[in-house]
file protein_32.csv (CSV, C-alpha atoms)
chain,number,residue,atom,x,y,z
A,341,MET,CA,-59.7,-10.8,-3.1
A,342,THR,CA,-59.2,-9.8,-6.7
A,343,ALA,CA,-55.9,-9.1,-8.4
A,344,ASN,CA,-56.5,-5.3,-8.4
A,345,GLU,CA,-58.1,-4.9,-5.0
A,346,PRO,CA,-56.0,-2.8,-2.6
A,347,MET,CA,-54.1,-4.9,-0.1
A,348,PRO,CA,-54.5,-4.3,3.7
A,349,LYS,CA,-51.4,-2.7,5.2
A,350,VAL,CA,-50.8,-5.5,7.6
A,351,VAL,CA,-50.7,-7.9,4.6
A,352,LEU,CA,-48.2,-5.6,2.7
A,353,ILE,CA,-46.0,-5.6,5.8
A,354,LEU,CA,-46.1,-9.3,6.5
A,355,ARG,CA,-46.2,-11.0,3.1
A,356,PRO,CA,-42.5,-10.4,2.3
A,357,PHE,CA,-41.6,-12.4,5.4
A,358,GLY,CA,-44.0,-15.2,4.4
A,359,TYR,CA,-42.6,-15.4,0.9
A,360,LEU,CA,-39.0,-15.3,2.2
A,361,LEU,CA,-39.8,-18.2,4.6
A,362,VAL,CA,-41.4,-20.3,1.8
A,363,THR,CA,-38.4,-19.5,-0.5
A,364,SER,CA,-35.9,-20.5,2.2
A,365,ILE,CA,-37.7,-23.8,2.8
A,366,TYR,CA,-37.7,-24.7,-0.8
A,367,THR,CA,-34.1,-23.6,-1.2
A,368,ALA,CA,-33.1,-25.9,1.7
A,369,LEU,CA,-35.1,-28.8,0.2
A,370,LEU,CA,-33.4,-28.2,-3.2
A,371,ALA,CA,-30.0,-28.3,-1.6
A,372,VAL,CA,-30.8,-31.6,0.1
A,373,VAL,CA,-32.0,-33.1,-3.2
A,374,VAL,CA,-28.9,-31.9,-5.1
A,375,VAL,CA,-26.3,-33.0,-2.4
A,376,PHE,CA,-27.8,-36.2,-1.1
A,377,GLY,CA,-29.8,-37.2,-4.3
A,378,TRP,CA,-27.6,-36.4,-7.3
A,379,GLY,CA,-24.5,-36.5,-5.1
A,380,GLY,CA,-25.5,-39.5,-3.1
A,381,LEU,CA,-23.5,-42.0,-5.3
A,382,PHE,CA,-20.4,-39.9,-5.0
A,383,ILE,CA,-20.8,-39.9,-1.2
A,384,GLY,CA,-22.0,-43.4,-0.7
A,385,ILE,CA,-20.0,-45.8,-2.9
A,386,ASP,CA,-16.4,-46.6,-2.1
A,387,ARG,CA,-15.3,-47.5,-5.6
A,388,GLY,CA,-16.7,-47.4,-9.1
A,389,PHE,CA,-16.2,-49.7,-12.1
A,390,GLY,CA,-12.9,-50.2,-13.8
A,391,GLU,CA,-9.5,-51.3,-12.4
A,392,GLY,CA,-9.7,-54.4,-10.3
A,393,SER,CA,-13.0,-55.5,-11.8
A,394,SER,CA,-13.5,-58.2,-14.3
A,395,GLY,CA,-15.1,-57.6,-17.7
A,396,TYR,CA,-18.2,-59.3,-16.4
A,397,ASP,CA,-18.3,-56.9,-13.4
A,398,VAL,CA,-18.0,-53.9,-15.6
A,399,LEU,CA,-20.7,-55.2,-17.9
A,400,VAL,CA,-23.1,-55.7,-15.0
A,401,SER,CA,-22.3,-52.3,-13.7
A,402,LEU,CA,-23.1,-50.7,-17.1
A,403,LEU,CA,-26.4,-52.7,-17.3
A,404,VAL,CA,-27.4,-51.4,-13.9
A,405,VAL,CA,-26.6,-47.9,-15.1
A,406,VAL,CA,-28.8,-48.4,-18.2
A,407,VAL,CA,-31.7,-49.8,-16.2
A,408,ALA,CA,-31.5,-47.8,-13.0
A,409,GLY,CA,-30.1,-44.6,-14.4
A,410,PRO,CA,-33.4,-43.4,-16.1
A,411,ILE,CA,-35.4,-44.4,-13.0
A,412,LEU,CA,-33.0,-42.5,-10.7
A,413,GLY,CA,-32.9,-39.5,-13.0
A,414,GLY,CA,-36.7,-39.4,-13.4
A,415,ALA,CA,-37.3,-39.5,-9.6
A,416,LEU,CA,-34.5,-37.1,-8.7
A,417,GLY,CA,-35.3,-34.9,-11.7
A,418,ILE,CA,-39.0,-34.3,-10.7
A,419,ALA,CA,-38.0,-33.6,-7.1
A,420,THR,CA,-35.3,-31.2,-8.4
A,421,ALA,CA,-37.7,-29.5,-10.9
A,422,LEU,CA,-40.4,-29.0,-8.3
A,423,THR,CA,-38.2,-27.6,-5.6
A,424,ALA,CA,-36.2,-25.5,-8.0
A,425,SER,CA,-39.3,-24.0,-9.7
A,426,LEU,CA,-41.0,-23.4,-6.4
A,427,THR,CA,-37.8,-21.7,-5.2
A,428,MET,CA,-37.9,-19.5,-8.3
A,429,LEU,CA,-41.6,-18.7,-8.0
A,430,GLY,CA,-41.2,-18.0,-4.2
A,431,GLY,CA,-38.2,-15.8,-4.8
A,432,LEU,CA,-40.1,-13.9,-7.6
A,433,ALA,CA,-43.0,-13.3,-5.2
A,434,PHE,CA,-40.6,-12.1,-2.5
A,435,VAL,CA,-38.9,-9.6,-4.8
A,436,ARG,CA,-42.3,-8.4,-6.1
A,437,SER,CA,-43.6,-8.1,-2.6
A,438,LEU,CA,-40.8,-5.5,-2.0
A,439,THR,CA,-41.6,-3.6,-5.2
A,440,PRO,CA,-44.0,-0.6,-4.9
A,441,ALA,CA,-45.5,-1.4,-8.3
A,442,TYR,CA,-47.0,-4.6,-6.9
A,443,ALA,CA,-48.3,-3.1,-3.7
A,444,THR,CA,-51.9,-3.0,-4.9
A,445,THR,CA,-52.2,-6.5,-6.2
A,446,THR,CA,-52.0,-10.1,-5.1
A,447,LEU,CA,-48.8,-11.8,-6.2
A,448,THR,CA,-49.7,-15.5,-6.3
A,449,HIS,CA,-52.7,-17.7,-6.4
A,450,THR,CA,-53.5,-21.4,-6.0
A,451,VAL,CA,-55.5,-23.7,-8.3
A,452,ARG,CA,-56.8,-27.2,-8.0
A,453,SER,CA,-55.7,-29.6,-10.7
A,454,ASP,CA,-55.5,-33.3,-11.5
A,455,ASN,CA,-51.9,-32.7,-12.6
A,456,ALA,CA,-50.7,-31.8,-9.1
A,457,VAL,CA,-47.9,-34.2,-8.1
A,458,GLY,CA,-48.6,-36.3,-5.0
A,459,PRO,CA,-50.0,-39.6,-3.7
A,460,PRO,CA,-53.1,-41.1,-5.2
A,461,ARG,CA,-56.2,-39.1,-4.2
A,462,LEU,CA,-59.9,-38.8,-5.0
A,463,THR,CA,-59.9,-35.0,-5.3
A,464,LYS,CA,-57.7,-32.6,-7.2
A,465,GLY,CA,-54.4,-31.4,-5.7
A,466,ALA,CA,-53.3,-27.9,-5.1
A,467,ILE,CA,-50.7,-26.1,-7.2
A,468,SER,CA,-49.5,-23.0,-5.4
A,469,LEU,CA,-47.3,-20.0,-5.9
A,470,LEU,CA,-48.6,-19.4,-9.4
A,471,PRO,CA,-47.8,-15.7,-10.3
A,472,THR,CA,-50.7,-13.4,-11.2
A,473,ARG,CA,-48.6,-11.3,-13.6
A,474,HIS,CA,-46.6,-12.3,-16.6
A,475,GLY,CA,-42.9,-11.8,-17.2
A,476,ARG,CA,-40.1,-13.7,-18.9
A,477,PHE,CA,-38.8,-15.1,-15.6
A,478,ALA,CA,-42.3,-15.7,-14.3
A,479,ASP,CA,-43.4,-17.5,-17.4
A,480,PHE,CA,-40.3,-19.7,-17.5
A,481,ALA,CA,-40.5,-20.6,-13.8
A,482,LEU,CA,-44.2,-21.4,-14.3
A,483,ARG,CA,-43.6,-23.6,-17.3
A,484,PHE,CA,-40.9,-25.4,-15.4
A,485,ASN,CA,-43.2,-26.0,-12.5
A,486,LEU,CA,-46.1,-27.1,-14.6
A,487,ALA,CA,-43.9,-29.5,-16.7
A,488,ALA,CA,-42.8,-31.2,-13.4
A,489,GLN,CA,-46.3,-31.2,-12.0
A,490,GLY,CA,-47.7,-32.8,-15.1
A,491,LEU,CA,-45.0,-35.4,-15.3
A,492,ASP,CA,-44.3,-34.4,-18.9
A,493,TRP,CA,-42.7,-37.3,-20.8
A,494,TRP,CA,-40.3,-34.9,-22.5
A,495,VAL,CA,-39.1,-33.7,-19.1
A,496,LEU,CA,-38.9,-37.3,-17.8
A,497,LEU,CA,-36.8,-38.3,-20.8
A,498,ALA,CA,-34.4,-35.3,-20.3
A,499,PHE,CA,-34.0,-36.3,-16.6
A,500,ALA,CA,-33.4,-39.9,-17.6
A,501,TRP,CA,-30.3,-38.8,-19.6
A,502,LEU,CA,-29.2,-36.8,-16.5
A,503,GLY,CA,-29.7,-39.9,-14.3
A,504,VAL,CA,-27.5,-42.0,-16.5
A,505,ALA,CA,-24.9,-39.2,-16.6
A,506,ASP,CA,-25.0,-39.1,-12.8
A,507,MET,CA,-24.4,-42.8,-12.4
A,508,ILE,CA,-21.8,-43.0,-15.2
A,509,THR,CA,-19.9,-40.1,-13.7
A,510,ALA,CA,-20.0,-41.5,-10.2
A,511,GLY,CA,-18.7,-44.8,-11.6
A,512,TRP,CA,-15.6,-43.4,-13.2
A,513,VAL,CA,-14.9,-40.8,-10.6
A,514,LYS,CA,-15.0,-43.4,-7.8
A,515,TRP,CA,-13.0,-45.9,-9.9
A,516,PRO,CA,-11.0,-43.7,-10.0
A,517,ALA,CA,-10.2,-43.4,-13.7
A,518,THR,CA,-6.7,-42.3,-14.7
A,519,GLY,CA,-4.9,-41.3,-17.8
A,520,GLY,CA,-6.8,-41.5,-21.0
A,521,TRP,CA,-9.8,-43.0,-19.3
A,522,VAL,CA,-10.5,-39.7,-17.6
A,523,ALA,CA,-10.8,-37.9,-21.0
A,524,PHE,CA,-12.9,-40.7,-22.4
A,525,TRP,CA,-15.4,-40.8,-19.6
A,526,LEU,CA,-15.5,-37.1,-19.2
A,527,VAL,CA,-16.6,-36.8,-22.8
A,528,VAL,CA,-19.3,-39.4,-22.2
A,529,SER,CA,-20.6,-37.7,-19.1
A,530,MET,CA,-20.6,-34.3,-20.7
A,531,ALA,CA,-22.5,-35.7,-23.8
A,532,LEU,CA,-25.1,-37.2,-21.6
A,533,VAL,CA,-25.5,-34.0,-19.5
A,534,ALA,CA,-25.8,-32.0,-22.7
A,535,LEU,CA,-28.6,-34.3,-24.0
A,536,GLY,CA,-30.4,-33.9,-20.7
A,537,VAL,CA,-30.1,-30.2,-20.5
A,538,VAL,CA,-31.0,-29.5,-24.1
A,539,GLY,CA,-34.0,-31.8,-23.8
A,540,LEU,CA,-35.1,-30.1,-20.6
A,541,VAL,CA,-34.8,-26.6,-22.0
A,542,ARG,CA,-36.7,-27.6,-25.1
A,543,ALA,CA,-39.4,-29.3,-23.0
A,544,ILE,CA,-39.9,-26.2,-20.9
A,545,THR,CA,-39.6,-23.5,-23.6
A,546,GLN,CA,-41.2,-25.2,-26.5
A,547,PRO,CA,-43.9,-27.5,-25.1
A,548,ASP,CA,-46.6,-26.5,-27.7
A,549,ARG,CA,-44.4,-27.3,-30.7
A,550,GLN,CA,-43.4,-30.6,-29.3
A,551,ARG,CA,-47.1,-31.5,-28.7
A,552,ARG,CA,-48.0,-30.6,-32.3
A,553,ARG,CA,-45.2,-32.8,-33.5
A,554,ALA,CA,-46.6,-35.7,-31.4
A,555,GLY,CA,-50.1,-35.0,-32.8
A,556,ARG,CA,-51.4,-33.7,-29.5
A,557,PRO,CA,-53.2,-30.4,-28.9
A,558,ALA,CA,-51.2,-27.5,-27.5
A,559,ARG,CA,-51.6,-26.4,-24.0
A,560,ARG,CA,-53.7,-23.4,-23.1
A,561,PRO,CA,-51.7,-20.2,-22.5
A,562,LEU,CA,-49.9,-20.0,-19.2
A,563,GLY,CA,-51.4,-17.9,-16.5
A,564,THR,CA,-55.0,-19.1,-17.0
A,565,SER,CA,-57.1,-19.4,-13.8
A,566,ARG,CA,-57.6,-23.1,-14.4
A,567,LEU,CA,-55.3,-25.9,-15.4
A,568,PRO,CA,-56.2,-29.1,-17.3

call {"tool": "encode", "arguments": {"input": "protein_32.csv", "output": "structure tokens"}}
result
Amino acid sequence: MTANEPMPKVVLILRPFGYLLVTSIYTALLAVVVVFGWGGLFIGIDRGFGEGSSGYDVLVSLLVVVVAGPILGGALGIATALTASLTMLGGLAFVRSLTPAYATTTLTHTVRSDNAVGPPRLTKGAISLLPTRHGRFADFALRFNLAAQGLDWWVLLAFAWLGVADMITAGWVKWPATGGWVAFWLVVSMALVALGVVGLVRAITQPDRQRRRAGRPARRPLGTSRLP
């Protein structure tokens, strides 16, 4: 079915429910990742680093944060980016499915790509929920999804900062830090979060400029029927 081919009435009636179901599933998965992934340390550990620990214990804890934080952030970040972007894309398709202006067109499509996240495979993987029409929100959500699907190094670096921030914050919150230490560690956590958020936004909104700086060719425009 082409993008401009009239849709059967039964499809027009049922597709909002399908997109609502898909969006609800990804929303639930996103909540699980945020609560039990990013919030797992806050839930699982009894105490952080600080009072009652020797200087050696604190040093070891910080080394663990430096080593494990980027790995944790990368893994949780990609899971978060995928579920969040798919929630956005599914929600966009649901809203469009209720809009008369989109009643005569398909709303999403699927492509096969080597960049699809998943286990090792011999064939290309599927990337779904790609919007058929442009728009600011649609383009942003699509860039977000493709950045996660492609395991972009700029995105992984941004999530590494967020992973370190998550572990550092869990450490001083579960310490618990008191007095002036609260202000000190709060500044550290906020600075790390800011590095991660700024890096993530730049990676999503300015991927072509970053690739040119790195000496790599820019991506093809979003919305093309094939992905690299």

call {"tool": "closest_residue", "arguments": {"input": "protein_32.csv", "among": "A:Gly413, A:Gly465, A:Gly358, A:Gly431", "to": "Met507 of chain A", "atoms": "all atoms listed in the file"}}
result
A:Gly413

call {"tool": "atom_distance", "arguments": {"input": "protein_32.csv", "atom1": "atom CA of Gly503 of chain A", "atom2": "atom CA of Ala534 of chain A"}}
result
12.2 Å

call {"tool": "atom_distance", "arguments": {"input": "protein_32.csv", "atom1": "atom CA of Ile385 of chain A", "atom2": "atom CA of Gly417 of chain A"}}
result
20.7 Å

call {"tool": "residues_around", "arguments": {"input": "protein_32.csv", "residues": "Val541 of chain A", "least_positions_apart": "2", "cutoff": "12 Å", "atoms": "only C-alpha atoms", "output": "JSON, numbers by chain"}}
result
{"A": [421, 480, 481, 483, 484, 487, 494, 495, 497, 498, 499, 534, 535, 536, 537, 538, 539, 543, 544, 545, 546, 547, 550]}

call {"tool": "atom_distance", "arguments": {"input": "protein_32.csv", "atom1": "atom CA of Ala433 of chain A", "atom2": "atom CA of Leu469 of chain A"}}
result
8.0 Å

call {"tool": "residues_around", "arguments": {"input": "protein_32.csv", "residues": "Thr367 of chain A", "least_positions_apart": "4", "cutoff": "7 Å", "atoms": "all atoms listed in the file", "output": "list in words"}}
result
Thr363, Ala371 and Thr427 of chain A

call {"tool": "closest_residue", "arguments": {"input": "protein_32.csv", "among": "A:Ile508, A:Val372, A:Ala517, A:Leu354", "to": "Leu402 of chain A", "atoms": "all atoms listed in the file"}}
result
A:Ile508

call {"tool": "closest_residue", "arguments": {"input": "protein_32.csv", "among": "A:Gly520, A:Gly384, A:Gly409, A:Pro471", "to": "Tyr442 of chain A", "atoms": "only C-alpha atoms"}}
result
A:Pro471

call {"tool": "closest_residue", "arguments": {"input": "protein_32.csv", "among": "A:Pro348, A:Gly380, A:Gly414, A:Pro356", "to": "Ala488 of chain A", "atoms": "all atoms listed in the file"}}
result
A:Gly414

call {"tool": "closest_residue", "arguments": {"input": "protein_32.csv", "among": "A:Ala500, A:Val527, A:Ala505, A:Leu381", "to": "Pro410 of chain A", "atoms": "all atoms listed in the file"}}
result
A:Ala500

call {"tool": "residues_near_point", "arguments": {"input": "protein_32.csv", "point": "(-21.7, -36.6, -19.2)", "cutoff": "9 Å", "atoms": "all atoms listed in the file", "output": "ChimeraX atom specification"}}
result
/A:501-502,504-506,508-509,525-535

call {"tool": "residues_near_point", "arguments": {"input": "protein_32.csv", "point": "(-38.9, -30.3, -7.4)", "cutoff": "9 Å", "atoms": "all atoms listed in the file", "output": "MDAnalysis selection string"}}
result
chainID A and resid 366 369:370 373 416:427 485 488:489

call {"tool": "decode", "arguments": {"input": "protein_32.csv", "residues": "segment 528-542 of chain A", "atoms": "all heavy atoms", "output": "mmCIF file, in the first residue's frame"}}
result
data_model
loop_
_atom_site.group_PDB
_atom_site.id
_atom_site.type_symbol
_atom_site.label_atom_id
_atom_site.label_comp_id
_atom_site.auth_asym_id
_atom_site.auth_seq_id
_atom_site.Cartn_x
_atom_site.Cartn_y
_atom_site.Cartn_z
ATOM 1 N N VAL A 528 28.113 18.141 42.029
ATOM 2 C CA VAL A 528 28.783 17.140 41.201
ATOM 3 C C VAL A 528 27.766 16.371 40.357
ATOM 4 O O VAL A 528 27.954 16.184 39.141
ATOM 5 C CB VAL A 528 29.594 16.165 42.078
ATOM 6 C CG1 VAL A 528 30.125 15.000 41.241
ATOM 7 C CG2 VAL A 528 30.744 16.883 42.765
ATOM 8 N N SER A 529 26.686 15.927 40.977
ATOM 9 C CA SER A 529 25.668 15.163 40.264
ATOM 10 C C SER A 529 25.024 15.991 39.161
ATOM 11 O O SER A 529 24.830 15.515 38.026
ATOM 12 C CB SER A 529 24.589 14.664 41.241
ATOM 13 O OG SER A 529 25.124 13.755 42.169
ATOM 14 N N MET A 530 24.685 17.238 39.487
ATOM 15 C CA MET A 530 24.035 18.098 38.499
ATOM 16 C C MET A 530 24.962 18.388 37.320
ATOM 17 O O MET A 530 24.525 18.459 36.164
ATOM 18 C CB MET A 530 23.576 19.396 39.162
ATOM 19 C CG MET A 530 22.443 19.216 40.155
ATOM 20 S SD MET A 530 21.955 20.778 40.945
ATOM 21 C CE MET A 530 21.339 21.701 39.528
ATOM 22 N N ALA A 531 26.267 18.561 37.614
ATOM 23 C CA ALA A 531 27.229 18.815 36.542
ATOM 24 C C ALA A 531 27.325 17.610 35.604
ATOM 25 O O ALA A 531 27.363 17.760 34.372
ATOM 26 C CB ALA A 531 28.596 19.138 37.131
ATOM 27 N N LEU A 532 27.347 16.408 36.171
ATOM 28 C CA LEU A 532 27.420 15.198 35.354
ATOM 29 C C LEU A 532 26.154 15.010 34.519
ATOM 30 O O LEU A 532 26.216 14.629 33.343
ATOM 31 C CB LEU A 532 27.644 13.977 36.257
ATOM 32 C CG LEU A 532 29.015 13.893 36.934
ATOM 33 C CD1 LEU A 532 29.029 12.787 37.978
ATOM 34 C CD2 LEU A 532 30.108 13.656 35.892
ATOM 35 N N VAL A 533 25.005 15.270 35.140
ATOM 36 C CA VAL A 533 23.739 15.175 34.405
ATOM 37 C C VAL A 533 23.709 16.190 33.270
ATOM 38 O O VAL A 533 23.270 15.885 32.148
ATOM 39 C CB VAL A 533 22.543 15.384 35.353
ATOM 40 C CG1 VAL A 533 21.245 15.525 34.559
ATOM 41 C CG2 VAL A 533 22.423 14.219 36.324
ATOM 42 N N ALA A 534 24.175 17.395 33.542
ATOM 43 C CA ALA A 534 24.199 18.435 32.511
ATOM 44 C C ALA A 534 25.081 18.012 31.342
ATOM 45 O O ALA A 534 24.716 18.194 30.165
ATOM 46 C CB ALA A 534 24.696 19.750 33.102
ATOM 47 N N LEU A 535 26.254 17.429 31.619
ATOM 48 C CA LEU A 535 27.124 16.947 30.556
ATOM 49 C C LEU A 535 26.424 15.900 29.707
ATOM 50 O O LEU A 535 26.510 15.905 28.466
ATOM 51 C CB LEU A 535 28.407 16.360 31.157
ATOM 52 C CG LEU A 535 29.450 17.345 31.677
ATOM 53 C CD1 LEU A 535 30.561 16.599 32.410
ATOM 54 C CD2 LEU A 535 30.030 18.166 30.528
ATOM 55 N N GLY A 536 25.723 14.995 30.376
ATOM 56 C CA GLY A 536 25.023 13.942 29.650
ATOM 57 C C GLY A 536 23.874 14.468 28.809
ATOM 58 O O GLY A 536 23.716 14.098 27.642
ATOM 59 N N VAL A 537 23.058 15.343 29.388
ATOM 60 C CA VAL A 537 21.896 15.872 28.677
ATOM 61 C C VAL A 537 22.320 16.727 27.490
ATOM 62 O O VAL A 537 21.783 16.598 26.381
ATOM 63 C CB VAL A 537 21.001 16.674 29.638
ATOM 64 C CG1 VAL A 537 19.905 17.406 28.863
ATOM 65 C CG2 VAL A 537 20.380 15.753 30.683
ATOM 66 N N VAL A 538 23.294 17.617 27.713
ATOM 67 C CA VAL A 538 23.772 18.474 26.623
ATOM 68 C C VAL A 538 24.361 17.617 25.505
ATOM 69 O O VAL A 538 24.094 17.843 24.312
ATOM 70 C CB VAL A 538 24.810 19.482 27.138
ATOM 71 C CG1 VAL A 538 25.482 20.205 25.976
ATOM 72 C CG2 VAL A 538 24.147 20.490 28.063
ATOM 73 N N GLY A 539 25.158 16.625 25.865
ATOM 74 C CA GLY A 539 25.740 15.748 24.861
ATOM 75 C C GLY A 539 24.692 14.969 24.099
ATOM 76 O O GLY A 539 24.798 14.784 22.882
ATOM 77 N N LEU A 540 23.650 14.521 24.797
ATOM 78 C CA LEU A 540 22.583 13.764 24.150
ATOM 79 C C LEU A 540 21.804 14.637 23.174
ATOM 80 O O LEU A 540 21.521 14.224 22.045
ATOM 81 C CB LEU A 540 21.646 13.190 25.210
ATOM 82 C CG LEU A 540 20.508 12.289 24.709
ATOM 83 C CD1 LEU A 540 21.084 11.077 23.983
ATOM 84 C CD2 LEU A 540 19.629 11.853 25.872
ATOM 85 N N VAL A 541 21.467 15.844 23.602
ATOM 86 C CA VAL A 541 20.733 16.756 22.725
ATOM 87 C C VAL A 541 21.545 17.102 21.488
ATOM 88 O O VAL A 541 21.030 17.117 20.363
ATOM 89 C CB VAL A 541 20.331 18.031 23.500
ATOM 90 C CG1 VAL A 541 19.749 19.068 22.549
ATOM 91 C CG2 VAL A 541 19.321 17.699 24.590
ATOM 92 N N ARG A 542 22.828 17.364 21.675
ATOM 93 C CA ARG A 542 23.694 17.686 20.539
ATOM 94 C C ARG A 542 23.812 16.495 19.592
ATOM 95 O O ARG A 542 23.823 16.664 18.363
ATOM 96 C CB ARG A 542 25.075 18.113 21.032
ATOM 97 C CG ARG A 542 25.107 19.487 21.668
ATOM 98 C CD ARG A 542 26.484 19.770 22.256
ATOM 99 N NE ARG A 542 27.510 19.761 21.244
ATOM 100 C CZ ARG A 542 27.843 20.810 20.490
ATOM 101 N NH1 ARG A 542 27.211 21.960 20.658
ATOM 102 N NH2 ARG A 542 28.802 20.724 19.599
#
